[in-house]
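File shown here: structure-v3.txt, holding compact mmCIF, C-alpha atoms.
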```
# COMPACT_ATOMS: atom_id res chain seq x y z
CA MET A 1 -2.69 4.53 -30.56
CA PRO A 2 -0.45 5.64 -27.68
CA ARG A 3 -2.20 6.03 -24.38
CA ILE A 4 -1.25 7.95 -21.29
CA ASN A 5 -2.24 6.04 -18.20
CA ASP A 6 -0.41 8.04 -15.60
CA VAL A 7 -1.99 11.50 -15.62
CA GLY A 8 0.22 12.89 -12.82
CA GLY A 9 1.20 16.46 -13.65
CA LEU A 10 -0.81 16.72 -16.89
CA ASP A 11 -2.90 19.82 -17.56
CA GLY A 12 -6.32 20.25 -19.05
CA PHE A 13 -8.67 18.15 -16.91
CA GLY A 14 -10.47 21.13 -15.38
CA PRO A 15 -11.21 21.79 -11.71
CA VAL A 16 -11.52 19.15 -8.99
CA LEU A 17 -15.23 18.86 -8.24
CA GLU A 18 -16.18 17.68 -4.79
CA GLU A 19 -19.63 16.21 -4.27
CA LEU A 20 -20.85 16.77 -0.74
CA ASP A 21 -22.12 13.71 1.14
CA GLU A 22 -21.38 11.50 -1.82
CA PRO A 23 -22.85 7.97 -1.44
CA PRO A 24 -20.57 4.94 -2.04
CA PHE A 25 -22.56 4.16 -5.19
CA HIS A 26 -24.73 6.54 -7.21
CA ALA A 27 -27.00 3.78 -8.49
CA ASP A 28 -27.59 0.14 -7.73
CA TRP A 29 -26.02 -0.95 -11.04
CA GLU A 30 -22.68 0.54 -9.96
CA ALA A 31 -22.66 -1.78 -6.95
CA HIS A 32 -23.50 -4.69 -9.26
CA VAL A 33 -20.59 -3.81 -11.55
CA MET A 34 -18.19 -3.66 -8.59
CA ALA A 35 -19.40 -7.00 -7.20
CA MET A 36 -19.40 -8.65 -10.65
CA ASN A 37 -15.81 -7.57 -11.22
CA ARG A 38 -14.67 -8.93 -7.85
CA ALA A 39 -16.40 -12.24 -8.57
CA LEU A 40 -14.85 -12.56 -12.05
CA ILE A 41 -11.36 -11.78 -10.74
CA GLY A 42 -11.99 -14.16 -7.84
CA GLN A 43 -12.92 -16.89 -10.36
CA GLY A 44 -9.71 -16.26 -12.29
CA ILE A 45 -11.51 -15.21 -15.50
CA TYR A 46 -9.03 -12.34 -15.59
CA ASN A 47 -6.70 -10.75 -13.07
CA LEU A 48 -6.50 -7.29 -11.55
CA ASP A 49 -3.72 -6.11 -13.87
CA GLU A 50 -5.64 -7.26 -16.94
CA PHE A 51 -8.66 -5.39 -15.63
CA ARG A 52 -6.75 -2.17 -15.07
CA ASP A 53 -5.18 -2.47 -18.51
CA ALA A 54 -8.64 -2.94 -20.01
CA VAL A 55 -9.98 0.12 -18.18
CA GLU A 56 -7.08 2.20 -19.44
CA ARG A 57 -7.34 1.19 -23.09
CA THR A 58 -11.13 1.43 -23.32
CA MET A 59 -11.80 4.39 -21.04
CA SER A 60 -13.56 7.56 -22.05
CA HIS A 61 -13.27 10.74 -20.03
CA GLU A 62 -16.92 11.38 -20.91
CA SER A 63 -17.98 8.21 -19.10
CA SER A 64 -18.37 7.86 -15.35
CA TYR A 65 -16.00 5.72 -13.29
CA TYR A 66 -18.26 2.66 -13.18
CA GLU A 67 -19.34 3.08 -16.82
CA ASN A 68 -15.66 2.71 -17.66
CA TRP A 69 -15.45 -0.34 -15.42
CA PHE A 70 -18.44 -1.94 -17.14
CA ARG A 71 -16.95 -1.28 -20.58
CA ALA A 72 -13.67 -2.90 -19.48
CA ILE A 73 -15.46 -5.97 -18.09
CA GLN A 74 -17.41 -6.41 -21.33
CA THR A 75 -14.23 -6.02 -23.39
CA LEU A 76 -12.32 -8.62 -21.37
CA LEU A 77 -15.19 -11.11 -21.44
CA LYS A 78 -15.42 -10.73 -25.22
CA GLU A 79 -11.65 -11.07 -25.70
CA LYS A 80 -11.52 -14.15 -23.51
CA GLY A 81 -14.37 -15.70 -25.44
CA VAL A 82 -16.56 -15.91 -22.35
CA VAL A 83 -19.46 -13.91 -23.75
CA MET B 1 -29.26 -6.09 -4.26
CA SER B 2 -31.50 -8.61 -5.99
CA ASP B 3 -34.35 -6.08 -6.00
CA ASP B 4 -33.19 -3.75 -8.69
CA HIS B 5 -35.63 -1.26 -10.12
CA ASP B 6 -33.22 1.01 -11.92
CA ASP B 7 -34.56 1.50 -15.46
CA SER B 8 -31.60 3.36 -16.99
CA PRO B 9 -30.12 1.76 -20.16
CA ILE B 10 -26.85 0.88 -18.46
CA ALA B 11 -28.65 -0.73 -15.51
CA ALA B 12 -30.50 -2.93 -18.01
CA ARG B 13 -27.25 -3.87 -19.75
CA VAL B 14 -25.59 -4.73 -16.43
CA ARG B 15 -28.58 -6.95 -15.52
CA GLU B 16 -28.38 -8.60 -18.94
CA LEU B 17 -24.67 -9.42 -18.59
CA GLU B 18 -25.23 -10.65 -15.04
CA ALA B 19 -27.94 -13.02 -16.30
CA ILE B 20 -25.62 -14.38 -19.01
CA LEU B 21 -22.79 -14.94 -16.52
CA GLU B 22 -25.19 -16.57 -14.11
CA GLU B 23 -26.46 -18.91 -16.83
CA LYS B 24 -22.87 -19.88 -17.63
CA GLY B 25 -22.32 -20.61 -13.95
CA LEU B 26 -19.60 -17.95 -13.66
CA ILE B 27 -21.33 -15.86 -11.05
CA ASP B 28 -23.84 -16.59 -8.37
CA PRO B 29 -26.21 -13.77 -7.38
CA ARG B 30 -25.96 -14.83 -3.73
CA GLU B 31 -22.21 -14.62 -3.97
CA LEU B 32 -22.50 -11.11 -5.41
CA ASP B 33 -24.69 -10.11 -2.49
CA GLN B 34 -22.05 -11.45 -0.11
CA VAL B 35 -19.27 -9.60 -1.90
CA LEU B 36 -21.21 -6.38 -1.63
CA GLU B 37 -22.23 -6.88 1.98
CA ALA B 38 -18.65 -7.64 2.98
CA PHE B 39 -17.50 -4.57 1.09
CA THR B 40 -19.98 -2.18 2.68
CA ALA B 41 -19.69 -3.69 6.16
CA LYS B 42 -15.90 -3.75 6.34
CA ALA B 43 -14.77 -0.79 4.26
CA SER B 44 -15.45 2.28 6.37
CA PRO B 45 -13.60 5.49 7.19
CA ALA B 46 -14.53 4.79 10.82
CA ASN B 47 -11.67 2.28 10.75
CA GLY B 48 -9.21 4.98 9.75
CA PHE B 49 -10.63 7.33 12.40
CA ARG B 50 -10.00 4.69 15.05
CA VAL B 51 -6.40 4.18 13.92
CA VAL B 52 -5.74 7.92 14.08
CA ALA B 53 -7.28 8.31 17.55
CA ARG B 54 -5.16 5.45 18.88
CA ALA B 55 -2.02 6.94 17.33
CA TRP B 56 -2.82 10.28 19.00
CA THR B 57 -3.18 8.71 22.43
CA ASP B 58 -0.54 5.97 22.35
CA ASP B 59 2.99 6.98 21.31
CA GLY B 60 4.16 3.38 21.10
CA PHE B 61 1.30 2.51 18.75
CA ARG B 62 2.06 5.59 16.66
CA ALA B 63 5.72 4.66 16.31
CA ARG B 64 4.86 1.06 15.36
CA LEU B 65 2.18 2.24 12.92
CA LEU B 66 4.59 4.57 11.12
CA ALA B 67 7.29 1.89 11.03
CA ASP B 68 5.12 -1.03 9.85
CA ALA B 69 1.41 -0.35 9.45
CA ASN B 70 0.50 -3.85 8.21
CA ASP B 71 2.02 -5.41 11.34
CA THR B 72 0.42 -2.86 13.67
CA LEU B 73 -3.18 -2.69 12.41
CA PRO B 74 -4.17 -6.00 14.09
CA GLU B 75 -3.62 -4.24 17.46
CA VAL B 76 -6.89 -2.39 16.75
CA GLY B 77 -8.58 -5.37 15.10
CA LEU B 78 -7.89 -4.31 11.52
CA SER B 79 -5.82 -5.67 8.65
CA MET B 80 -4.81 -4.90 5.08
CA GLY B 81 -5.90 -8.37 3.95
CA GLY B 82 -9.15 -9.13 2.17
CA GLY B 83 -8.32 -7.22 -0.99
CA LEU B 84 -7.75 -8.71 -4.42
CA GLN B 85 -4.00 -8.85 -3.82
CA PRO B 86 -1.62 -8.13 -0.91
CA GLN B 87 -1.09 -4.45 -0.19
CA VAL B 88 1.49 -2.66 1.89
CA LEU B 89 0.11 0.28 3.85
CA HIS B 90 2.29 3.28 4.61
CA VAL B 91 0.97 5.76 7.16
CA VAL B 92 2.44 9.22 6.60
CA GLU B 93 2.41 11.66 9.49
CA ASN B 94 1.62 15.36 9.26
CA THR B 95 3.88 17.56 11.37
CA ALA B 96 4.33 21.29 11.97
CA ASP B 97 6.55 21.40 8.87
CA VAL B 98 5.12 18.75 6.55
CA HIS B 99 1.62 18.12 5.21
CA ASN B 100 0.93 14.88 3.35
CA VAL B 101 -1.65 14.17 0.67
CA ILE B 102 -2.38 10.93 -1.19
CA VAL B 103 -3.28 10.23 -4.81
CA CYS B 104 -3.18 7.46 -7.40
CA THR B 105 -2.01 9.11 -10.61
CA LEU B 106 -2.30 5.84 -12.54
CA CYS B 107 -5.82 4.76 -11.63
CA SER B 108 -7.67 4.84 -8.32
CA CYS B 109 -5.66 2.85 -5.73
CA TYR B 110 -6.90 3.71 -2.25
CA PRO B 111 -6.88 2.02 1.18
CA LEU B 112 -10.55 1.01 0.97
CA SER B 113 -10.64 -0.98 4.19
CA LEU B 114 -9.54 2.04 6.23
CA LEU B 115 -11.12 4.92 4.31
CA GLY B 116 -14.27 3.32 2.88
CA PRO B 117 -15.28 3.62 -0.78
CA SER B 118 -13.33 6.41 -2.48
CA PRO B 119 -15.07 9.61 -3.56
CA THR B 120 -15.47 10.29 -7.29
CA TRP B 121 -13.18 13.32 -7.15
CA TYR B 122 -10.31 11.13 -5.91
CA LYS B 123 -10.71 9.00 -9.03
CA SER B 124 -11.08 11.97 -11.39
CA PRO B 125 -8.30 12.86 -13.88
CA ALA B 126 -8.60 16.44 -12.59
CA TYR B 127 -7.47 15.53 -9.05
CA ARG B 128 -4.98 12.87 -10.12
CA SER B 129 -3.19 15.20 -12.51
CA LYS B 130 -3.27 18.44 -10.57
CA VAL B 131 -2.50 17.40 -6.99
CA VAL B 132 0.94 16.36 -8.25
CA SER B 133 1.84 19.57 -10.08
CA HIS B 134 -0.15 22.12 -8.03
CA PRO B 135 -0.84 20.52 -4.64
CA ARG B 136 -1.17 23.82 -2.80
CA GLU B 137 -3.79 25.04 -5.26
CA VAL B 138 -5.78 21.81 -5.01
CA LEU B 139 -5.71 21.88 -1.21
CA GLU B 140 -6.94 25.48 -1.28
CA GLN B 141 -9.90 24.33 -3.40
CA PHE B 142 -10.74 22.02 -0.55
CA GLY B 143 -10.55 24.97 1.85
CA LEU B 144 -7.18 23.99 3.25
CA ALA B 145 -4.78 26.94 3.14
CA LEU B 146 -1.34 25.95 4.42
CA PRO B 147 1.40 28.40 5.41
CA ASP B 148 4.10 28.86 2.78
CA SER B 149 6.57 27.36 5.22
CA THR B 150 4.73 24.01 5.23
CA ARG B 151 6.20 21.50 2.82
CA ILE B 152 3.61 19.42 0.97
CA GLU B 153 4.45 15.80 0.25
CA VAL B 154 2.33 13.94 -2.31
CA TRP B 155 2.22 10.14 -2.09
CA ASP B 156 1.32 8.21 -5.23
CA ALA B 157 -0.31 4.86 -4.50
CA ASN B 158 -0.17 1.79 -6.70
CA ALA B 159 -1.50 -1.77 -6.77
CA GLU B 160 0.98 -2.91 -4.11
CA SER B 161 1.34 0.20 -1.94
CA ARG B 162 -1.37 2.25 -0.28
CA TYR B 163 -1.06 5.38 1.84
CA MET B 164 -3.03 6.95 4.65
CA VAL B 165 -2.37 10.33 6.23
CA LEU B 166 -2.04 10.64 10.00
CA PRO B 167 -3.37 14.17 10.66
CA ARG B 168 -2.05 16.37 13.47
CA ARG B 169 -3.99 16.20 16.69
CA PRO B 170 -5.95 19.45 17.08
CA ALA B 171 -4.93 21.77 19.89
CA GLY B 172 -7.13 21.77 22.98
CA THR B 173 -8.11 18.11 22.74
CA GLU B 174 -5.90 16.91 25.60
CA GLY B 175 -8.83 15.86 27.80
CA LEU B 176 -10.72 13.91 25.14
CA ALA B 177 -11.15 10.14 25.18
CA GLU B 178 -10.14 7.98 22.21
CA ALA B 179 -13.70 7.68 20.87
CA GLU B 180 -14.20 11.45 21.10
CA LEU B 181 -10.93 12.00 19.23
CA ALA B 182 -11.98 9.55 16.52
CA ALA B 183 -15.13 11.62 15.97
CA LEU B 184 -12.97 14.65 15.08
CA VAL B 185 -11.28 12.93 12.13
CA THR B 186 -12.71 13.19 8.61
CA ARG B 187 -12.29 11.08 5.48
CA ASN B 188 -10.60 14.01 3.73
CA GLY B 189 -8.25 14.32 6.68
CA LEU B 190 -7.06 10.77 5.97
CA ILE B 191 -6.53 11.66 2.29
CA GLY B 192 -4.85 14.94 3.19
CA THR B 193 -7.34 17.33 1.59
CA ALA B 194 -8.41 18.48 5.09
CA ALA B 195 -6.32 19.30 8.16
CA VAL B 196 -8.05 16.66 10.35
```
If you convert what's in this file into structure tokens, what do you get?
Amino acid sequence: MPRINDVGGLDGFGPVLEELDEPPFHADWEAHVMAMNRALIGQGIYNLDEFRDAVERTMSHESSYYENWFRAIQTLLKEKGVV
Amino acid sequence: MSDDHDDSPIAARVRELEAILEEKGLIDPRELDQVLEAFTAKASPANGFRVVARAWTDDGFRARLLADANDTLPEVGLSMGGGLQPQVLHVVENTADVHNVIVCTLCSCYPLSLLGPSPTWYKSPAYRSKVVSHPREVLEQFGLALPDSTRIEVWDANAESRYMVLPRRPAGTEGLAEAELAALVTRNGLIGTAAV
């Protein structure tokens, strides 16, 4: 299935919603996902480009940013035979 | 970070995966704590505010910053190192004629160390798509109405290149000290969705 990674100039994503006084993470698990990803890249399990590719091909616009990250991490770990 | 009482299904699944990776010796919970502490301690928009205040008060610094930001940041004790890969920072200066705004249309590239963790709207497809095609409209949504004569330049970041906006120094701030000037700057000002 073709995928469009670069959304610059596309229509149809609705208004830009700004959350006032947004915290860095909305829940503790989001921080865990961020830290886990850094550690796995740091260990060389996968690299940053592989991670971004995984986010792009597994992402859902219904999921939150870190939900998409977690799905990408799980996908890569499965594909690499780690988990 | 080790005391996690979030009971949502995804929190449980994250904990489960963390436990598996820990058992396999691939991650160390203490190391994760360190990663997170380093991230929250170092990545702050206060860094960007400081850079802007110095640029407003020191013309030489401003010129060097615009010419080569990576080389110039150490003058205020900052650097673009520490990320997952090397990044070149470009500081783009607002003038009477030009207003700059940054985006990452591909994903969510952002100068974390200078601006702190990025807001969700910056990472949203809505912002990433629309700021390119209708920048004026998007800026108006943020309450920033620019004169028609102002040209808007949109800078698209990527894995190797990051951007930060240098806002215009507000009128009537001539007598303020550097720290007072830094307090005037906002995170959105560094992105370009606010004037300062």
Residue list for chain B near chain A as a list in words, 6 Å, all atoms listed in the file: Ala11, Leu32, Val35, Leu36, Thr105, Leu106, Pro117, Trp121, Ala126, Tyr127, Arg128, Ser129, Lys130, Val132 and Ser133 of chain B
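Near B:Val88, within 9 Å and counting all atoms listed in the file, sit Asp68, Ala69, Asn70, Met80, Pro86, His90, Glu160, Ser161, Arg162 and Tyr163 of chain B; same-chain residues fewer than 2 positions away were not included.
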Using the selection just defined, write its residues with C-alpha atoms as a tab-separated table (two decimals), in the coordinates of the input.
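The result, stored in result.tsv:
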```tsv
chain	number	residue	atom	x	y	z
B	68	ASP	CA	5.12	-1.03	9.85
B	69	ALA	CA	1.41	-0.35	9.45
B	70	ASN	CA	0.50	-3.85	8.21
B	80	MET	CA	-4.81	-4.90	5.08
B	86	PRO	CA	-1.62	-8.13	-0.91
B	90	HIS	CA	2.29	3.28	4.61
B	160	GLU	CA	0.98	-2.91	-4.11
B	161	SER	CA	1.34	0.20	-1.94
B	162	ARG	CA	-1.37	2.25	-0.28
B	163	TYR	CA	-1.06	5.38	1.84
```
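Rounded to one decimal, atom CA of B:Ala159 and atom CA of B:His99 lie 23.4 Å from each other.
For the set B:Asp7, B:Asp148, B:Glu178, B:Glu140, the residue with the smallest atom-to-atom gap to B:Gly192 is B:Glu140, counting only C-alpha atoms.
The two atoms in question, atom CA of B:Gln85 and atom CA of B:Gly116, are spaced 17.3 Å apart.
Computed from the coordinates, the atom CA of B:Ala41 to atom CA of B:Ala19 distance equals 25.7 Å.
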Around stretch 48-54 of chain A, fit a box with edges along x, y and z, padding it by 6 Å on each side, then list its centre and edge lengths in Å to one decimal as JSON.
```
{"center_x": -6.2, "center_y": -4.7, "center_z": -15.8, "size_x": 16.9, "size_y": 17.1, "size_z": 20.5}
```
Just the residues within 7 Å of B:Ala182, please, counting all atoms listed in the file, with nothing from its chain fewer than 6 positions along; format it as a PDB file with C-alpha atoms, keeping the file's coordinate frame.
```pdb
ATOM      1  CA  PHE B  49     -10.630   7.330  12.400  1.00  0.00           C
ATOM      2  CA  ARG B  50     -10.000   4.690  15.050  1.00  0.00           C
ATOM      3  CA  VAL B  52      -5.740   7.920  14.080  1.00  0.00           C
ATOM      4  CA  ALA B  53      -7.280   8.310  17.550  1.00  0.00           C
TER       5      ALA B  53
END
```
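Proximity of B:Ile20, B:Val92, B:Cys107, B:Ile27 to A:Asn68, computed with all atoms listed in the file, is greatest for B:Cys107.
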